[in-house]
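**Q** Below is work08.txt; it holds compact mmCIF, C-alpha atoms and all ligand atoms.
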# COMPACT_ATOMS: atom_id res chain seq x y z
CA MET A 1 -6.34 1.88 31.72
CA LEU A 2 -4.39 -1.20 32.78
CA VAL A 3 -4.36 -3.82 30.00
CA LEU A 4 -3.00 -7.37 29.96
CA THR A 5 -1.89 -8.26 26.44
CA ILE A 6 -1.19 -11.78 25.18
CA GLU A 7 0.72 -12.80 22.04
CA SER A 8 1.02 -16.41 20.83
CA SER A 9 0.77 -16.15 17.04
CA CYS A 10 3.92 -18.10 16.20
CA ASP A 11 6.71 -19.41 18.41
CA GLU A 12 6.89 -16.88 21.24
CA THR A 13 4.56 -17.07 24.23
CA SER A 14 4.32 -13.57 25.62
CA ALA A 15 2.27 -11.54 28.08
CA ALA A 16 2.60 -7.89 29.06
CA VAL A 17 0.98 -5.36 31.37
CA ILE A 18 0.62 -1.91 29.77
CA ARG A 19 -0.63 1.29 31.39
CA ASP A 20 -2.55 3.81 29.24
CA GLY A 21 -1.27 2.25 26.00
CA ARG A 22 2.21 3.62 26.63
CA ALA A 23 4.03 2.46 29.73
CA ILE A 24 5.38 -1.11 29.75
CA LEU A 25 5.03 -2.43 33.32
CA SER A 26 6.16 -5.90 32.19
CA ASN A 27 6.79 -7.79 28.95
CA ILE A 28 7.56 -11.50 29.46
CA ILE A 29 8.61 -13.54 26.43
CA ALA A 30 9.11 -17.32 26.48
CA SER A 31 10.94 -18.20 23.29
CA GLN A 32 10.56 -21.65 21.72
CA ILE A 33 13.81 -21.43 19.75
CA PRO A 34 15.29 -24.58 21.40
CA VAL A 35 12.11 -26.55 20.55
CA HIS A 36 12.29 -25.77 16.83
CA GLN A 37 16.03 -25.34 16.28
CA ARG A 38 16.79 -28.91 15.27
CA TYR A 39 14.07 -28.77 12.58
CA GLY A 40 15.45 -25.52 11.11
CA GLY A 41 12.08 -23.77 11.37
CA VAL A 42 8.85 -23.57 13.36
CA VAL A 43 6.88 -26.85 13.60
CA PRO A 44 3.24 -25.72 14.11
CA GLU A 45 2.08 -28.67 16.23
CA LEU A 46 5.06 -28.35 18.59
CA ALA A 47 4.48 -24.58 18.78
CA SER A 48 0.89 -24.91 19.98
CA ARG A 49 1.83 -27.57 22.53
CA SER A 50 4.58 -25.35 23.94
CA HIS A 51 2.18 -22.41 24.21
CA VAL A 52 -0.19 -24.56 26.29
CA VAL A 53 2.64 -25.49 28.65
CA ASP A 54 4.04 -21.95 28.98
CA ILE A 55 1.13 -19.54 28.87
CA THR A 56 -0.07 -19.65 32.49
CA GLY A 57 3.43 -19.16 33.89
CA VAL A 58 4.15 -16.33 31.45
CA ILE A 59 0.97 -14.48 32.47
CA GLU A 60 1.72 -14.98 36.19
CA GLU A 61 5.22 -13.62 35.65
CA ALA A 62 3.90 -10.62 33.70
CA LEU A 63 1.50 -9.77 36.56
CA GLY A 64 4.17 -10.36 39.21
CA THR A 65 6.79 -8.21 37.47
CA ALA A 66 4.24 -5.41 37.01
CA GLY A 67 3.25 -5.73 40.69
CA VAL A 68 -0.45 -6.04 39.88
CA GLU A 69 -3.16 -8.68 40.27
CA LEU A 70 -5.76 -9.92 37.80
CA LYS A 71 -8.48 -7.96 39.61
CA ASP A 72 -6.60 -4.71 38.80
CA ILE A 73 -6.71 -5.36 35.03
CA ASP A 74 -9.27 -3.24 33.12
CA GLY A 75 -9.22 -5.22 29.88
CA PHE A 76 -7.55 -8.05 27.98
CA ALA A 77 -6.13 -8.00 24.45
CA VAL A 78 -4.86 -10.92 22.44
CA THR A 79 -3.42 -11.44 18.97
CA SER A 80 -6.25 -13.03 16.96
CA GLY A 81 -4.40 -13.17 13.62
CA PRO A 82 -2.52 -13.51 11.39
CA GLY A 83 -0.43 -16.46 12.50
CA LEU A 84 -0.51 -20.22 13.07
CA VAL A 85 -4.06 -21.13 13.91
CA GLY A 86 -3.20 -23.65 16.65
CA SER A 87 -0.83 -21.16 18.28
CA LEU A 88 -3.30 -18.27 18.07
CA LEU A 89 -6.05 -20.36 19.67
CA VAL A 90 -4.05 -20.90 22.87
CA GLY A 91 -3.73 -17.16 23.46
CA ILE A 92 -7.30 -16.42 22.41
CA GLU A 93 -8.95 -19.03 24.63
CA THR A 94 -6.80 -17.95 27.58
CA ALA A 95 -7.69 -14.27 27.10
CA LYS A 96 -11.39 -15.07 26.73
CA ALA A 97 -11.37 -17.19 29.88
CA LEU A 98 -9.68 -14.39 31.84
CA GLY A 99 -12.12 -11.78 30.54
CA PHE A 100 -15.10 -13.99 31.34
CA ALA A 101 -13.87 -14.90 34.81
CA HIS A 102 -13.09 -11.30 35.78
CA ASP A 103 -16.01 -9.72 33.94
CA LYS A 104 -13.79 -7.46 31.86
CA PRO A 105 -13.71 -6.79 28.11
CA CYS A 106 -11.50 -8.91 25.93
CA ILE A 107 -10.47 -7.83 22.47
CA GLY A 108 -8.75 -9.49 19.51
CA VAL A 109 -6.11 -7.41 17.76
CA ASN A 110 -4.12 -7.82 14.58
CA HIS A 111 -0.48 -8.88 15.03
CA LEU A 112 0.61 -6.57 12.20
CA GLU A 113 -1.09 -3.59 13.84
CA GLY A 114 1.02 -4.41 16.88
CA HIS A 115 4.25 -4.41 14.87
CA LEU A 116 3.30 -1.17 13.06
CA THR A 117 2.58 0.79 16.25
CA ALA A 118 5.10 -0.70 18.73
CA VAL A 119 7.24 2.40 18.18
CA LEU A 120 4.63 4.46 20.09
CA LEU A 121 5.45 2.65 23.36
CA ASP A 122 7.60 3.94 26.15
CA LEU A 123 9.20 6.85 24.26
CA PRO A 124 8.97 10.48 25.37
CA GLU A 125 6.47 12.51 23.30
CA LEU A 126 9.17 14.26 21.25
CA GLU A 127 10.87 11.02 20.21
CA ARG A 128 7.66 9.38 18.97
CA PRO A 129 6.70 9.71 15.31
CA ALA A 130 3.66 11.89 14.67
CA PHE A 131 0.93 10.64 12.30
CA PRO A 132 1.00 10.13 9.40
CA TYR A 133 4.10 8.00 8.99
CA ILE A 134 5.25 5.46 6.42
CA GLY A 135 5.26 2.11 8.27
CA VAL A 136 7.29 -0.75 6.85
CA ILE A 137 6.77 -4.20 8.41
CA VAL A 138 9.78 -6.43 7.80
CA SER A 139 9.22 -9.70 9.61
CA GLY A 140 9.32 -13.47 9.23
CA GLY A 141 6.04 -13.54 7.29
CA HIS A 142 5.59 -10.01 5.92
CA THR A 143 7.23 -7.23 3.98
CA ASP A 144 4.53 -4.58 3.75
CA VAL A 145 4.59 -0.81 3.23
CA TYR A 146 1.74 1.27 4.69
CA VAL A 147 0.79 4.85 5.20
CA VAL A 148 -0.18 4.89 8.88
CA ARG A 149 -2.59 7.82 9.30
CA GLY A 150 -3.61 7.00 12.86
CA LEU A 151 -4.32 4.03 15.11
CA GLY A 152 -6.56 1.74 13.05
CA GLU A 153 -6.07 3.78 9.83
CA TYR A 154 -3.74 2.17 7.33
CA GLU A 155 -3.32 2.28 3.58
CA LEU A 156 -1.35 -0.56 2.00
CA LEU A 157 1.10 0.68 -0.65
CA GLY A 158 2.90 -2.56 -1.49
CA ARG A 159 4.14 -5.89 -0.21
CA THR A 160 6.31 -8.83 -1.11
CA ARG A 161 5.13 -10.97 -3.99
CA ASP A 162 6.91 -14.07 -2.64
CA ASP A 163 9.24 -14.47 0.35
CA ALA A 164 9.25 -12.03 3.25
CA ALA A 165 12.51 -10.29 4.14
CA GLY A 166 12.91 -12.30 7.37
CA GLU A 167 12.10 -15.50 5.51
CA ALA A 168 14.91 -14.69 3.06
CA PHE A 169 17.33 -14.21 5.97
CA ASP A 170 16.22 -17.51 7.53
CA LYS A 171 16.37 -19.48 4.26
CA VAL A 172 19.78 -18.11 3.27
CA ALA A 173 21.08 -18.92 6.75
CA LYS A 174 19.75 -22.46 6.39
CA LEU A 175 21.45 -23.03 3.05
CA LEU A 176 24.69 -21.72 4.55
CA GLY A 177 24.35 -24.32 7.33
CA LEU A 178 23.77 -21.64 10.00
CA PRO A 179 21.41 -22.17 12.97
CA TYR A 180 17.76 -21.07 13.10
CA PRO A 181 16.63 -18.29 13.34
CA GLY A 182 19.05 -17.03 10.75
CA GLY A 183 18.53 -13.27 10.68
CA VAL A 184 20.50 -12.48 13.79
CA VAL A 185 23.35 -14.87 12.82
CA ILE A 186 23.71 -13.30 9.37
CA ASP A 187 23.65 -9.85 10.96
CA GLN A 188 26.54 -10.85 13.27
CA LEU A 189 28.61 -12.45 10.48
CA ALA A 190 27.99 -9.48 8.19
CA SER A 191 29.43 -7.06 10.73
CA THR A 192 32.93 -8.21 9.79
CA GLY A 193 32.20 -8.81 6.09
CA ASN A 194 32.56 -6.73 2.93
CA PRO A 195 29.11 -5.87 1.54
CA GLU A 196 30.61 -5.29 -1.93
CA ALA A 197 32.40 -8.65 -2.14
CA ILE A 198 29.66 -10.33 -4.20
CA GLU A 199 27.26 -8.49 -6.47
CA PHE A 200 23.83 -9.92 -5.69
CA PRO A 201 20.73 -8.64 -7.52
CA ARG A 202 18.57 -5.84 -6.06
CA PRO A 203 15.16 -7.35 -6.92
CA MET A 204 12.28 -5.03 -7.94
CA TRP A 205 14.66 -2.09 -8.20
CA THR A 206 12.02 0.28 -9.51
CA ARG A 207 10.37 3.40 -8.19
CA LYS A 208 7.11 2.61 -9.98
CA HIS A 209 5.59 0.45 -7.24
CA PHE A 210 6.22 -0.63 -3.66
CA ASP A 211 6.17 -4.38 -4.10
CA PHE A 212 9.13 -6.60 -3.21
CA SER A 213 10.46 -10.00 -4.23
CA PHE A 214 13.13 -11.87 -2.28
CA SER A 215 12.94 -15.41 -3.64
CA GLY A 216 15.20 -14.60 -6.63
CA LEU A 217 17.84 -13.18 -4.31
CA LYS A 218 17.73 -16.36 -2.25
CA THR A 219 18.19 -18.37 -5.47
CA ALA A 220 21.15 -16.18 -6.43
CA VAL A 221 22.79 -17.04 -3.10
CA LEU A 222 22.00 -20.73 -3.66
CA GLN A 223 23.58 -20.63 -7.13
CA HIS A 224 26.66 -18.92 -5.72
CA VAL A 225 26.97 -21.66 -3.09
CA GLU A 226 26.41 -24.42 -5.66
CA ALA A 227 29.17 -22.99 -7.84
CA ASN A 228 31.66 -22.19 -5.07
CA GLY A 229 30.69 -24.35 -2.09
CA ILE A 230 29.72 -23.04 1.35
CA PRO A 231 32.37 -20.47 2.21
CA GLU A 232 34.19 -20.35 5.55
CA GLY A 233 35.83 -17.67 7.64
CA GLN A 234 36.14 -14.26 6.02
CA ALA A 235 34.47 -15.45 2.79
CA LEU A 236 31.37 -16.49 4.78
CA SER A 237 31.22 -13.06 6.41
CA ASP A 238 31.61 -11.43 2.98
CA LEU A 239 28.75 -13.48 1.56
CA ALA A 240 26.52 -12.65 4.55
CA ALA A 241 27.33 -8.94 4.22
CA SER A 242 26.70 -8.95 0.46
CA PHE A 243 23.33 -10.69 0.81
CA GLN A 244 22.31 -8.41 3.67
CA ALA A 245 23.29 -5.30 1.68
CA ALA A 246 21.05 -6.38 -1.21
CA VAL A 247 18.03 -6.74 1.12
CA VAL A 248 18.74 -3.50 2.96
CA ASP A 249 19.29 -1.46 -0.23
CA VAL A 250 15.91 -2.47 -1.64
CA LEU A 251 14.06 -1.90 1.65
CA VAL A 252 15.58 1.54 2.20
CA MET A 253 15.15 2.72 -1.40
CA LYS A 254 11.48 1.71 -1.55
CA ALA A 255 10.67 3.06 1.91
CA LEU A 256 12.17 6.47 1.13
CA GLU A 257 10.41 6.51 -2.24
CA ALA A 258 7.11 5.95 -0.40
CA CYS A 259 7.94 8.90 1.88
CA LYS A 260 8.61 11.07 -1.17
CA LYS A 261 5.56 10.03 -3.17
CA HIS A 262 3.17 10.49 -0.24
CA LYS A 263 4.97 13.57 1.10
CA VAL A 264 5.39 11.98 4.53
CA PRO A 265 8.79 12.80 6.10
CA ARG A 266 8.54 10.14 8.86
CA LEU A 267 9.50 6.50 8.40
CA VAL A 268 9.06 3.59 10.84
CA PHE A 269 10.56 0.13 10.37
CA SER A 270 9.03 -2.66 12.47
CA GLY A 271 9.05 -6.46 12.78
CA GLY A 272 12.00 -8.74 13.50
CA VAL A 273 14.18 -7.60 10.58
CA ALA A 274 14.01 -4.07 11.99
CA CYS A 275 16.58 -5.37 14.53
CA ASN A 276 19.09 -5.61 11.69
CA SER A 277 22.07 -3.36 12.33
CA ALA A 278 22.76 -2.57 8.65
CA LEU A 279 19.11 -1.63 8.08
CA ARG A 280 19.26 0.67 11.09
CA ARG A 281 22.52 2.30 9.96
CA VAL A 282 21.83 2.64 6.22
CA SER A 283 18.25 3.87 6.61
CA VAL A 284 19.34 6.67 8.94
CA GLU A 285 22.19 7.68 6.59
CA GLU A 286 20.01 7.74 3.49
CA ALA A 287 16.95 9.29 5.16
CA THR A 288 18.99 12.14 6.59
CA LYS A 289 20.06 13.10 3.05
CA LYS A 290 16.39 13.32 2.09
CA GLY A 291 15.10 15.14 5.16
CA VAL A 292 13.22 12.10 6.45
CA SER A 293 13.24 11.08 10.14
CA VAL A 294 13.55 7.35 10.79
CA TYR A 295 12.16 5.66 13.91
CA PHE A 296 12.77 2.17 15.24
CA ALA A 297 11.35 0.55 18.32
CA PRO A 298 14.07 -1.00 20.51
CA PRO A 299 15.00 -4.51 19.23
CA ARG A 300 13.11 -6.35 22.02
CA LEU A 301 9.90 -4.66 20.79
CA CYS A 302 10.59 -5.45 17.10
CA THR A 303 10.49 -9.24 17.33
CA ASP A 304 7.28 -10.84 18.57
CA ASN A 305 6.22 -9.71 22.03
CA ALA A 306 2.96 -8.89 23.81
CA ALA A 307 3.84 -5.30 24.76
CA MET A 308 3.61 -4.20 21.13
CA LEU A 309 -0.16 -4.75 21.31
CA GLY A 310 -0.43 -2.05 24.01
CA PRO A 311 -1.10 1.13 21.99
CA ILE A 312 -3.61 -0.47 19.64
CA ALA A 313 -5.33 -2.42 22.46
CA GLU A 314 -5.84 0.76 24.49
CA HIS A 315 -7.26 2.49 21.42
CA TYR A 316 -9.83 -0.23 20.71
CA LEU A 317 -10.72 -0.91 24.35
CA GLN A 318 -11.46 2.79 24.91
CA ASP A 319 -14.09 2.48 22.19
CA GLU A 320 -17.00 1.06 24.17
CA THR A 321 -19.15 0.04 21.21
CA GLY A 322 -19.40 -3.44 19.78
CA PHE A 323 -18.69 -5.58 22.83
CA ASP A 324 -21.47 -8.04 22.26
CA ALA A 325 -20.53 -11.71 22.33
CA TRP A 326 -17.81 -14.21 23.12
CA ASP A 327 -17.27 -14.58 19.41
CA LEU A 328 -13.52 -14.00 19.23
CA GLU A 329 -11.92 -16.45 16.83
CA ALA A 330 -8.51 -17.05 15.29
CA ASP A 331 -8.03 -15.75 11.75
CA ALA A 332 -4.83 -17.20 10.31
CA ASN A 333 -4.85 -14.79 7.35
CA MET A 334 -6.36 -11.74 9.02
CA PRO A 335 -5.89 -8.69 6.78
CA LEU A 336 -5.22 -5.25 8.20
CA GLY A 337 -8.27 -3.04 8.06
CA LYS A 338 -11.06 -1.52 10.02
CA SER A 339 -13.44 -4.43 10.49
CA LEU A 340 -10.94 -6.73 12.11
CA ARG A 341 -11.87 -6.41 15.70
CA ALA A 342 -13.68 -9.29 17.17
CA LYS A 343 -14.66 -8.15 20.61
CA SER A 344 -16.34 -9.72 23.53
CA LYS A 345 -17.41 -8.40 26.87
CA GLY A 346 -17.95 -9.98 30.24
CA ARG A 347 -21.04 -11.78 31.46
P1 LIG A 401 5.04 -12.06 11.14
O1 LIG A 401 5.18 -10.92 12.07
O2 LIG A 401 5.13 -11.67 9.72
O3 LIG A 401 3.88 -12.93 11.45
P2 LIG A 401 7.08 -13.35 12.69
O4 LIG A 401 6.19 -12.95 13.80
O5 LIG A 401 7.60 -14.74 12.64
O6 LIG A 401 6.36 -13.01 11.34
P3 LIG A 401 9.00 -11.52 13.75
O7 LIG A 401 9.08 -12.19 15.08
O8 LIG A 401 8.45 -10.17 13.70
O9 LIG A 401 8.31 -12.41 12.62
O10 LIG A 401 10.45 -11.51 13.14
C1 LIG A 401 11.20 -12.69 13.04
C2 LIG A 401 12.10 -12.55 11.83
O11 LIG A 401 13.04 -11.50 12.06
C3 LIG A 401 12.89 -13.80 11.53
O12 LIG A 401 12.79 -14.07 10.14
C4 LIG A 401 14.32 -13.42 11.93
O13 LIG A 401 15.32 -14.07 11.19
C5 LIG A 401 14.31 -11.94 11.63
N1 LIG A 401 15.36 -11.21 12.37
C6 LIG A 401 15.51 -11.10 13.72
N2 LIG A 401 16.62 -10.39 14.02
C7 LIG A 401 17.20 -10.06 12.84
C8 LIG A 401 18.36 -9.33 12.46
N3 LIG A 401 19.19 -8.82 13.38
N4 LIG A 401 18.63 -9.19 11.14
C9 LIG A 401 17.80 -9.69 10.20
N5 LIG A 401 16.69 -10.40 10.49
C10 LIG A 401 16.38 -10.57 11.78
MG MG A 402 9.26 -15.89 16.29
FE FE A 403 5.67 -10.90 14.07
Now that the file is in, can you turn its structure into structure tokens?
Ligand code: ATP
Ligand code: MG
Ligand code: FE
**A**
Amino acid sequence: MLVLTIESSCDETSAAVIRDGRAILSNIIASQIPVHQRYGGVVPELASRSHVVDITGVIEEALGTAGVELKDIDGFAVTSGPGLVGSLLVGIETAKALGFAHDKPCIGVNHLEGHLTAVLLDLPELERPAFPYIGVIVSGGHTDVYVVRGLGEYELLGRTRDDAAGEAFDKVAKLLGLPYPGGVVIDQLASTGNPEAIEFPRPMWTRKHFDFSFSGLKTAVLQHVEANGIPEGQALSDLAASFQAAVVDVLVMKALEACKKHKVPRLVFSGGVACNSALRRVSVEEATKKGVSVYFAPPRLCTDNAAMLGPIAEHYLQDETGFDAWDLEADANMPLGKSLRAKSKGR
């Protein structure tokens, strides 16, 4: 099956062509970072306007790079939530229009399902995690731990009670006067810093549950800066490394605890923070000691992109039931679960 996937939930406009839920024929991403950078975060109204401007060109480029035409596409899939409602609507209405015009099914999929299963793309069979695996989403809006038993089968074990991990990176970067988005900048600074320079708290350091909290850690960084001023040079790198180590320690400890409790020796990190080099290094080191295999999608598939919808889109599109109306709508707070799929089929 040849599927065109569209993602516009936040500030990336993306379209991809995926064959059989596995092979990425193209994955075009138009980032809006320059649009939002001077505001230090995503401005929803500007995001939806940029999607409107970019989406047609992004889809044309995705088709061109894949060497296919719209008439070759067997089905369309689009992120229908969670995300910014104005941003989501641009992708959804575009996907519906394409499905209607070409008389092909169009399906709405959950952005988080995309993050959780992106690791199944493009890898040889032996390098892909088998089900079940513990799936940890660490992104700009989420820090969730799931048991992933199969495509569409998830059990939530815990999540953040306040800020998401990526949000903590972005907010700490902002208070250090670093550019948006902050995660990648902190990662770079931390590479030459001492992670033991400052002892920041490891919030929710307990094996009793799988919930997280990152707002107190952010406050601890703020208090450090208020007391000592914004550091420069080596001291800035040390602060970045110390903050990053606190986040990574909690994520890795909890994730491995989930593997142990549920007797699942496979762990997948996904979402933008899964690009983080310390998270990648420390999780592999610690997991190896415990006999757990860790899997990461390549960084370009961890941050928002349309290709990540490929495996889950193929799975739902293969299921022929339930294509009844053009009722696909945006759901800004869409939870992960079985009844999420709004589907619609051609004329
Ligand atoms: P959600 O998926 O929850 O709706 P989102 O789509 O905005 O949120 P993603 O695109 O998955 O989030 O991830 C973006 C986040 O990842 C940002 O907070 C960014 O700072 C963070 N991030 C990206 N690269 C790195 C890195 N190398 N280290 C740490 N954080 C990173
Ligand atoms: Mg983004
Ligand atoms: Fe995301």
**Q** Between A:His224, A:Arg266, A:His209, A:Arg300, which residue has the minimum interatomic distance to ligand MG 402 (chain A), considering all atoms listed in the file?
**A** A:Arg300
**Q** Mind dumping a table of every range 205-275 of chain A residue within 10 Å of range 283-289 of chain A, with the nearest atom pair and its distance in Å to one decimal, using all atoms listed in the file, sorted by chain and rising number, as JSON lines?
**A**
{"residue": "A:Val248", "atom": "CA", "partner": "A:Ser283", "partner_atom": "CA", "distance": 8.2}
{"residue": "A:Asp249", "atom": "CA", "partner": "A:Ser283", "partner_atom": "CA", "distance": 8.7}
{"residue": "A:Leu251", "atom": "CA", "partner": "A:Ser283", "partner_atom": "CA", "distance": 8.7}
{"residue": "A:Val252", "atom": "CA", "partner": "A:Ser283", "partner_atom": "CA", "distance": 5.7}
{"residue": "A:Met253", "atom": "CA", "partner": "A:Glu286", "partner_atom": "CA", "distance": 8.5}
{"residue": "A:Ala255", "atom": "CA", "partner": "A:Ser283", "partner_atom": "CA", "distance": 9.0}
{"residue": "A:Leu256", "atom": "CA", "partner": "A:Ala287", "partner_atom": "CA", "distance": 6.9}
{"residue": "A:Cys259", "atom": "CA", "partner": "A:Ala287", "partner_atom": "CA", "distance": 9.6}
{"residue": "A:Pro265", "atom": "CA", "partner": "A:Ala287", "partner_atom": "CA", "distance": 8.9}
{"residue": "A:Arg266", "atom": "CA", "partner": "A:Ala287", "partner_atom": "CA", "distance": 9.2}
{"residue": "A:Leu267", "atom": "CA", "partner": "A:Ala287", "partner_atom": "CA", "distance": 8.6}
{"residue": "A:Phe269", "atom": "CA", "partner": "A:Ser283", "partner_atom": "CA", "distance": 9.3}
**Q** Kindly provide, as a list of chain:residue names, all nucleotide and amino acid residues lying within 6 Å of ligand LIG 401 (chain A), counting all atoms listed in the file.
**A** A:Gly83, A:Ser139, A:Gly140, A:Gly141, A:His142, A:Gly166, A:Glu167, A:Phe169, A:Asp170, A:Pro181, A:Gly182, A:Gly183, A:Val184, A:Asp187, A:Gly271, A:Gly272, A:Val273, A:Cys275, A:Asn276, A:Thr303, A:Asp304
**Q** Between A:Glu7, A:Glu257, A:Glu12, A:Asp327, which is the closest to ligand MG 402 (chain A) once you count all atoms listed in the file?
**A**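 Comparing A:Glu7, A:Glu257, A:Glu12, A:Asp327 against ligand MG 402 (chain A), the winner is A:Glu12.
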**Q** So which one's closest to ligand FE 403 (chain A), A:Cys10, A:Leu98, A:Ile59, A:Ala190? Using all atoms listed in the file, please.
**A** A:Cys10
